[in-house]
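So this block is run.tsv, TSV, C-alpha atoms and all ligand atoms:
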```
chain	number	residue	atom	x	y	z
A	1	MET	CA	-91.66	-25.89	76.28
A	2	SER	CA	-95.03	-27.05	77.57
A	3	PHE	CA	-97.88	-24.58	77.94
A	4	SER	CA	-97.75	-25.15	81.69
A	5	SER	CA	-94.05	-24.24	81.89
A	6	LYS	CA	-94.71	-21.12	79.86
A	7	VAL	CA	-97.39	-20.04	82.34
A	8	LYS	CA	-94.97	-20.58	85.22
A	9	GLU	CA	-92.19	-18.71	83.43
A	10	GLU	CA	-94.56	-15.82	83.02
A	11	LEU	CA	-95.77	-15.95	86.62
A	12	ALA	CA	-92.19	-15.92	87.86
A	13	THR	CA	-91.86	-12.43	86.41
A	14	VAL	CA	-95.04	-11.10	88.01
A	15	ILE	CA	-93.97	-9.44	91.25
A	16	PRO	CA	-96.71	-7.79	93.30
A	17	THR	CA	-95.99	-4.29	94.56
A	18	GLY	CA	-97.96	-4.32	97.83
A	19	ARG	CA	-96.15	-5.86	100.78
A	20	HIS	CA	-99.43	-7.60	101.77
A	21	CYS	CA	-99.44	-9.38	98.40
A	22	GLN	CA	-95.74	-10.18	98.58
A	23	LEU	CA	-96.30	-11.85	101.94
A	24	ALA	CA	-99.30	-13.80	100.66
A	25	GLU	CA	-97.33	-15.20	97.74
A	26	LEU	CA	-94.33	-15.88	99.93
A	27	ALA	CA	-96.59	-17.73	102.36
A	28	ALA	CA	-97.76	-19.99	99.53
A	29	ILE	CA	-94.20	-20.83	98.51
A	30	ILE	CA	-93.02	-21.45	102.06
A	31	ARG	CA	-96.07	-23.48	102.97
A	32	LEU	CA	-95.87	-25.64	99.87
A	33	CYS	CA	-92.16	-25.89	99.11
A	34	ALA	CA	-90.22	-25.36	102.34
A	35	LYS	CA	-89.40	-27.44	105.35
A	36	VAL	CA	-89.49	-25.41	108.55
A	37	GLU	CA	-87.96	-26.45	111.85
A	38	TYR	CA	-88.31	-24.69	115.17
A	39	ARG	CA	-85.69	-25.02	117.85
A	40	ALA	CA	-86.30	-24.90	121.58
A	41	ASN	CA	-84.33	-21.67	121.91
A	42	GLY	CA	-86.79	-19.88	119.64
A	43	GLU	CA	-84.67	-20.06	116.53
A	44	ALA	CA	-86.11	-21.33	113.30
A	45	ARG	CA	-84.58	-22.97	110.28
A	46	MET	CA	-86.09	-23.08	106.86
A	47	GLU	CA	-85.07	-25.04	103.80
A	48	LEU	CA	-86.62	-24.68	100.35
A	49	GLN	CA	-87.26	-28.16	99.08
A	50	THR	CA	-87.49	-27.69	95.38
A	51	GLU	CA	-85.19	-27.91	92.42
A	52	ASN	CA	-87.41	-25.68	90.37
A	53	GLU	CA	-85.32	-22.66	89.62
A	54	LEU	CA	-88.39	-20.49	89.00
A	55	ILE	CA	-89.67	-21.09	92.52
A	56	ILE	CA	-86.27	-20.40	94.06
A	57	ARG	CA	-85.87	-17.21	92.06
A	58	LYS	CA	-89.36	-16.05	92.96
A	59	TYR	CA	-88.81	-16.82	96.62
A	60	PHE	CA	-85.67	-14.70	96.83
A	61	THR	CA	-87.17	-11.85	94.85
A	62	LEU	CA	-90.18	-11.70	97.16
A	63	LEU	CA	-87.98	-11.99	100.22
A	64	ARG	CA	-85.79	-9.15	99.02
A	65	LYS	CA	-88.83	-6.95	98.34
A	66	ALA	CA	-90.66	-7.64	101.57
A	67	PHE	CA	-87.76	-7.69	104.04
A	68	ILE	CA	-84.42	-6.09	104.60
A	69	ILE	CA	-81.54	-8.25	103.47
A	70	ASN	CA	-80.40	-10.93	105.92
A	71	THR	CA	-83.64	-10.94	107.84
A	72	ASP	CA	-83.83	-13.57	110.49
A	73	VAL	CA	-85.91	-16.57	109.40
A	74	SER	CA	-88.12	-16.28	112.45
A	75	LYS	CA	-89.07	-12.71	111.39
A	76	VAL	CA	-90.16	-14.01	108.02
A	77	LEU	CA	-92.16	-16.80	109.61
A	78	GLN	CA	-93.75	-14.35	112.03
A	79	ALA	CA	-94.75	-12.06	109.17
A	80	ILE	CA	-96.49	-14.88	107.34
A	81	ARG	CA	-97.97	-16.13	110.62
A	82	LEU	CA	-96.19	-19.44	110.62
A	83	TYR	CA	-94.20	-18.82	113.77
A	84	PRO	CA	-95.56	-20.67	116.80
A	85	ASP	CA	-97.55	-18.20	118.79
A	86	SER	CA	-99.02	-19.30	122.06
A	87	GLY	CA	-101.96	-16.95	121.52
A	88	SER	CA	-103.53	-18.78	118.62
A	89	GLU	CA	-104.02	-22.24	117.20
A	90	PRO	CA	-101.67	-23.06	114.35
A	91	ASP	CA	-103.32	-23.23	110.94
A	92	PRO	CA	-103.86	-26.73	109.58
A	93	LYS	CA	-101.04	-28.23	107.59
A	94	GLY	CA	-100.61	-26.79	104.11
A	95	THR	CA	-103.00	-23.86	104.62
A	96	VAL	CA	-102.20	-20.25	105.34
A	97	SER	CA	-103.68	-17.87	107.86
A	98	SER	CA	-106.86	-16.31	106.55
A	99	LEU	CA	-105.48	-12.97	107.76
A	100	LEU	CA	-102.89	-13.10	104.98
A	101	ILE	CA	-105.46	-13.51	102.25
A	102	ARG	CA	-108.19	-11.16	103.36
A	103	ASN	CA	-107.78	-8.80	100.39
A	104	THR	CA	-108.69	-9.80	96.86
A	105	CYS	CA	-105.25	-8.70	95.67
A	106	CYS	CA	-103.63	-10.98	98.23
A	107	LYS	CA	-105.85	-13.89	97.23
A	108	ARG	CA	-104.62	-13.44	93.66
A	109	ALA	CA	-101.00	-13.36	94.80
A	110	TYR	CA	-101.52	-16.44	96.92
A	111	LEU	CA	-103.10	-18.35	94.01
A	112	ARG	CA	-100.15	-17.34	91.85
A	113	GLY	CA	-97.70	-18.78	94.37
A	114	VAL	CA	-99.77	-21.93	94.67
A	115	PHE	CA	-99.86	-22.38	90.90
A	116	ILE	CA	-96.07	-22.05	90.61
A	117	CYS	CA	-95.57	-24.63	93.35
A	118	ILE	CA	-98.25	-27.27	92.79
A	119	GLY	CA	-100.20	-26.22	89.70
A	120	SER	CA	-100.09	-27.43	86.12
A	121	MET	CA	-102.25	-27.35	83.03
A	122	SER	CA	-102.51	-29.42	79.89
A	123	ASP	CA	-101.82	-28.13	76.41
A	124	PRO	CA	-105.02	-26.27	75.42
A	125	LYS	CA	-104.53	-27.52	71.85
A	126	LYS	CA	-105.37	-30.96	73.20
A	127	ASN	CA	-107.80	-30.39	76.05
A	128	TYR	CA	-108.70	-28.01	78.85
A	129	HIS	CA	-107.48	-29.15	82.22
A	130	LEU	CA	-105.78	-27.23	85.01
A	131	GLU	CA	-105.00	-28.75	88.36
A	132	PHE	CA	-103.36	-28.28	91.74
A	133	VAL	CA	-101.93	-31.29	93.55
A	134	CYS	CA	-102.63	-30.73	97.25
A	135	SER	CA	-101.11	-32.94	99.90
A	136	CYS	CA	-104.07	-32.80	102.27
A	137	GLU	CA	-107.78	-32.10	102.37
A	138	GLU	CA	-107.52	-28.88	104.40
A	139	GLN	CA	-105.22	-27.40	101.79
A	140	ALA	CA	-107.57	-28.41	98.96
A	141	ASP	CA	-110.53	-26.95	100.84
A	142	GLN	CA	-108.82	-23.63	101.41
A	143	LEU	CA	-107.84	-23.47	97.77
A	144	LEU	CA	-111.41	-24.22	96.65
A	145	GLU	CA	-112.72	-21.56	98.99
A	146	ILE	CA	-110.38	-18.95	97.50
A	147	MET	CA	-111.28	-20.04	93.96
A	148	ASN	CA	-114.98	-19.82	94.81
A	149	SER	CA	-114.52	-16.26	95.98
A	150	PHE	CA	-113.58	-15.49	92.34
A	151	HIS	CA	-116.52	-17.56	91.05
A	152	LEU	CA	-114.16	-20.15	89.62
A	153	GLU	CA	-115.82	-23.51	89.64
A	154	GLY	CA	-113.10	-25.74	91.00
A	155	LYS	CA	-113.74	-29.39	91.77
A	156	SER	CA	-111.75	-31.87	93.79
A	157	ILE	CA	-110.98	-35.56	93.68
A	158	VAL	CA	-108.63	-37.84	95.60
A	159	ARG	CA	-105.90	-39.36	93.47
A	160	LYS	CA	-103.53	-41.73	95.21
A	161	LYS	CA	-102.68	-39.90	98.42
A	162	ASN	CA	-103.26	-36.46	96.96
A	163	HIS	CA	-106.25	-34.16	96.84
A	164	ILE	CA	-106.52	-32.76	93.35
A	165	VAL	CA	-108.28	-29.44	92.81
A	166	TYR	CA	-109.03	-28.93	89.13
A	167	VAL	CA	-110.78	-26.76	86.54
A	168	LYS	CA	-112.00	-28.32	83.30
A	169	GLU	CA	-113.72	-25.54	81.41
A	170	GLY	CA	-111.78	-23.43	78.94
A	171	SER	CA	-113.47	-20.30	80.26
A	172	GLY	CA	-112.70	-21.19	83.89
A	173	ILE	CA	-109.03	-21.73	83.04
A	174	ALA	CA	-108.96	-18.42	81.19
A	175	ASP	CA	-110.45	-16.68	84.25
A	176	LEU	CA	-107.91	-18.29	86.53
A	177	LEU	CA	-104.97	-17.25	84.34
A	178	ASN	CA	-106.37	-13.74	84.34
A	179	ILE	CA	-106.73	-13.71	88.13
A	180	ILE	CA	-103.15	-14.82	88.77
A	181	GLY	CA	-101.79	-12.33	86.24
A	182	ALA	CA	-100.65	-14.69	83.46
A	183	HIS	CA	-101.87	-12.30	80.78
A	184	HIS	CA	-99.67	-13.41	77.90
A	185	SER	CA	-100.60	-17.03	78.46
A	186	LEU	CA	-104.22	-15.96	78.67
A	187	MET	CA	-103.97	-14.27	75.25
A	188	ASP	CA	-102.43	-17.44	73.79
A	189	LEU	CA	-105.16	-19.53	75.33
A	190	GLU	CA	-107.93	-17.21	74.10
A	191	ASN	CA	-106.54	-17.22	70.58
A	192	LEU	CA	-106.45	-21.01	70.57
A	193	ARG	CA	-109.99	-21.16	71.91
A	194	ILE	CA	-111.29	-18.75	69.31
A	195	GLU	CA	-109.52	-20.64	66.52
A	196	LYS	CA	-111.01	-23.87	67.77
A	197	GLU	CA	-114.51	-22.42	67.98
A	198	VAL	CA	-114.30	-20.89	64.54
A	199	ARG	CA	-113.11	-24.19	63.14
A	200	ASN	CA	-115.86	-26.13	64.86
A	201	SER	CA	-118.53	-23.68	63.92
A	202	VAL	CA	-117.44	-23.62	60.28
A	203	ASN	CA	-116.99	-27.39	60.17
A	204	ARG	CA	-120.41	-27.97	61.63
A	205	GLN	CA	-122.08	-26.03	58.86
A	206	VAL	CA	-119.93	-26.65	55.86
A	207	ASN	CA	-119.17	-30.30	56.28
A	208	CYS	CA	-119.03	-31.85	52.84
A	209	GLU	CA	-119.33	-28.61	50.94
A	210	THR	CA	-115.68	-27.73	51.46
A	211	ALA	CA	-115.21	-27.05	47.78
A	212	ASN	CA	-117.64	-24.16	47.92
A	213	ILE	CA	-116.27	-22.39	50.95
A	214	GLY	CA	-113.97	-20.06	49.09
A	215	LYS	CA	-113.78	-16.40	49.90
A	216	THR	CA	-117.06	-16.18	51.76
A	217	VAL	CA	-115.67	-18.26	54.60
A	218	THR	CA	-112.41	-16.36	54.87
A	219	ALA	CA	-114.35	-13.15	55.36
A	220	ALA	CA	-116.86	-15.00	57.53
A	221	SER	CA	-114.06	-16.47	59.70
A	222	ARG	CA	-112.87	-12.99	60.55
A	223	GLN	CA	-116.40	-11.86	61.35
A	224	ILE	CA	-116.98	-14.99	63.42
A	225	GLU	CA	-113.72	-14.47	65.33
A	226	ASP	CA	-114.85	-10.97	66.18
A	227	ILE	CA	-118.29	-12.15	67.22
A	228	ILE	CA	-116.93	-14.90	69.45
A	229	LEU	CA	-114.62	-12.39	71.07
A	230	ILE	CA	-117.62	-10.15	71.76
A	231	LYS	CA	-119.54	-13.11	73.17
A	232	GLU	CA	-116.68	-13.97	75.54
A	233	ARG	CA	-115.55	-10.55	76.70
A	234	TYR	CA	-118.69	-8.45	76.36
A	235	GLY	CA	-121.69	-10.78	76.23
A	236	PHE	CA	-124.46	-10.84	73.64
A	237	GLY	CA	-126.85	-9.60	76.30
A	238	ASN	CA	-125.16	-6.21	76.24
A	239	LEU	CA	-125.63	-5.71	72.51
A	240	PRO	CA	-128.54	-3.77	71.02
A	241	ASP	CA	-131.15	-6.14	69.53
A	242	ASN	CA	-130.24	-5.57	65.89
A	243	LEU	CA	-126.56	-6.32	66.48
A	244	ARG	CA	-127.27	-9.28	68.73
A	245	GLU	CA	-129.52	-10.82	66.08
A	246	MET	CA	-126.88	-10.18	63.43
A	247	ALA	CA	-124.17	-11.78	65.59
A	248	GLU	CA	-126.27	-14.86	66.29
A	249	ILE	CA	-127.19	-15.39	62.66
A	250	ARG	CA	-123.62	-14.92	61.45
A	251	LEU	CA	-122.51	-17.64	63.90
A	252	GLU	CA	-125.32	-19.91	62.86
A	253	TYR	CA	-124.74	-19.52	59.09
A	254	PRO	CA	-121.00	-19.16	58.66
A	255	GLU	CA	-121.07	-20.06	54.97
A	256	SER	CA	-123.84	-17.70	53.91
A	257	SER	CA	-123.23	-14.58	51.84
A	258	LEU	CA	-124.20	-11.15	53.14
A	259	LYS	CA	-127.24	-11.13	50.91
A	260	GLU	CA	-128.36	-14.51	52.22
A	261	LEU	CA	-127.84	-13.37	55.81
A	262	GLY	CA	-129.97	-10.32	55.11
A	263	GLY	CA	-132.79	-12.61	53.98
A	264	ILE	CA	-132.61	-14.60	57.22
A	265	LEU	CA	-132.91	-11.52	59.43
A	266	ASN	CA	-136.36	-10.67	60.65
A	267	PRO	CA	-137.45	-8.29	59.12
A	268	PRO	CA	-135.11	-8.87	56.14
A	269	VAL	CA	-132.33	-6.36	55.57
A	270	GLY	CA	-130.42	-5.54	52.39
A	271	LYS	CA	-126.78	-6.40	51.79
A	272	SER	CA	-125.53	-2.96	52.79
A	273	GLY	CA	-127.53	-3.12	56.03
A	274	VAL	CA	-125.92	-6.45	56.86
A	275	ASN	CA	-122.53	-5.06	55.98
A	276	HIS	CA	-123.14	-2.06	58.23
A	277	ARG	CA	-124.08	-4.23	61.23
A	278	LEU	CA	-121.14	-6.57	60.75
A	279	ARG	CA	-118.85	-3.56	60.56
A	280	LYS	CA	-120.29	-2.25	63.84
A	281	LEU	CA	-119.57	-5.63	65.45
A	282	SER	CA	-116.01	-5.62	64.15
A	283	GLU	CA	-115.48	-2.12	65.50
A	284	LEU	CA	-116.70	-3.25	68.90
A	285	ALA	CA	-114.37	-6.26	68.77
A	286	ASP	CA	-111.46	-3.96	67.93
A	287	LYS	CA	-112.36	-1.76	70.86
A	288	LEU	CA	-112.47	-4.77	73.20
A	289	LYS	CA	-109.07	-5.95	71.97
A	290	GLU	CA	-107.72	-2.46	72.58
A	291	GLN	CA	-109.16	-2.31	76.10
A	292	PHE	CA	-107.74	-5.72	76.85
A	293	ARG	CA	-104.29	-4.64	75.70
A	294	PHE	CA	-104.54	-1.44	77.70
A	295	LYS	CA	-105.62	-3.26	80.84
A	296	LYS	CA	-102.77	-5.70	80.41
A	297	GLU	CA	-100.20	-2.95	79.97
A	298	GLU	CA	-101.55	-1.19	83.02
A	299	GLU	CA	-101.24	-4.33	85.09
A	300	ASP	CA	-97.81	-5.12	83.71
A	301	GLY	CA	-96.61	-1.88	85.13
A	401	ZN	ZN	-102.60	-7.62	98.66
```

Will you turn the file into structure tokens for me?
Amino acid sequence: MSFSSKVKEELATVIPTGRHCQLAELAAIIRLCAKVEYRANGEARMELQTENELIIRKYFTLLRKAFIINTDVSKVLQAIRLYPDSGSEPDPKGTVSSLLIRNTCCKRAYLRGVFICIGSMSDPKKNYHLEFVCSCEEQADQLLEIMNSFHLEGKSIVRKKNHIVYVKEGSGIADLLNIIGAHHSLMDLENLRIEKEVRNSVNRQVNCETANIGKTVTAASRQIEDIILIKERYGFGNLPDNLREMAEIRLEYPESSLKELGGILNPPVGKSGVNHRLRKLSELADKLKEQFRFKKEEEDG
């Protein structure tokens, strides 16, 4: 299964508890995947136009949660503000009423629905690319606006007749997965990213000396993994000076022994001092992993 399908599988199981969020996600699905017809007598007809089982399943789950069974279609459309109302201008094609996505939680839910319907991402083993295929400019603009509110740097281009909103940075994609609640996929992505960075960082330094890597690098790889995790989830800026300097030097000299690292520090520190600081960093990394797991479990329910 592709990485993208795995993300969607996961998102299909994320059901928001607040009715406001349920409506926001439902609005995304109806806006993007349903054909709605209004009759002169005030009746409405709606048809989901997708063969994607995940979308269909999600649609019915949300409907069941947000409404009593057998709700009239026009009630659903009224609730998501898609029913013609003489009092206000209809929202442009493909967008949803800003009233539905006022709350941050609802923005997240809406983005989740949008990703299931028109989103996809490439295999992070190959490259970092996540995109939404929007059918019109207004829709792309609204999506970008919502993404901006989360400080996600989305960009857009026109491809054929579609407006593509995309994110290219690994960190931006990770943030987006986090925002829409794809936590397992996020973990997979983060692990791949860390592996990649460790590999690059080690390769950069060791190059042709592969024969000499040996045990030092295995231990170093673990330390480097921890340090990169700290960099991503905590930030070097939040570390005390001695630990920050240690972290930076470990990243810069992945093949060096503890004694050598100690000599590079300013002022120099003995092997046990280096060991002590690296242990502190690993403890912090463990704590961050723990917090991340805890947060995930909390959000999962
Ligand atoms: Zn909400």

message: Please determine, counting all atoms listed in the file, which residue among A:Leu77, A:Leu239, A:Val198, A:Ala66 has the shortest atom-to-atom distance to Arg45 in chain A.
response: A:Leu77

Selection as a VMD selection string: residues within 9 Å of ligand ZN 401 (chain A) by only C-alpha atoms and all ligand atoms: chain A and resid 16 to 24 100 to 109

- request: Considering all atoms listed in the file, state which residue in the set A:Ala219, A:Asn242, A:Ile224, A:Leu177 is at the smallest distance from Val269 in chain A.
  value: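 Of the candidates, the smallest distance to Val269 in chain A is held by A:Asn242.
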
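Compared by their closest atoms to Leu62 in chain A, and using only C-alpha atoms, the residues A:Ala27, A:Gln49, A:Glu9, A:Ser171 rank with A:Ala27 nearest.
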
query: Which one is closest to Glu297 in chain A: A:Gly113, A:Gly172, A:Gly181, A:Gly42? Count only C-alpha atoms.
result: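 For Glu297 in chain A, the nearest of the candidates is A:Gly181.
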
- prompt: Rounded to one decimal in Å, what is the spacing between CA of Cys136 in chain A and CA of His163 in chain A?
  reply: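 Distance between the two atoms: 6.0 Å.
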
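Counting all atoms listed in the file, the residue from A:Gly262, A:Gly94, A:Gly170, A:Gly154 that sits nearest to Glu232 in chain A is A:Gly170.
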
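Using only C-alpha atoms, the shortest contact distance between Ile164 in chain A and any of A:Cys134, A:Leu144, A:Ala182, A:Val274 is found at A:Cys134.
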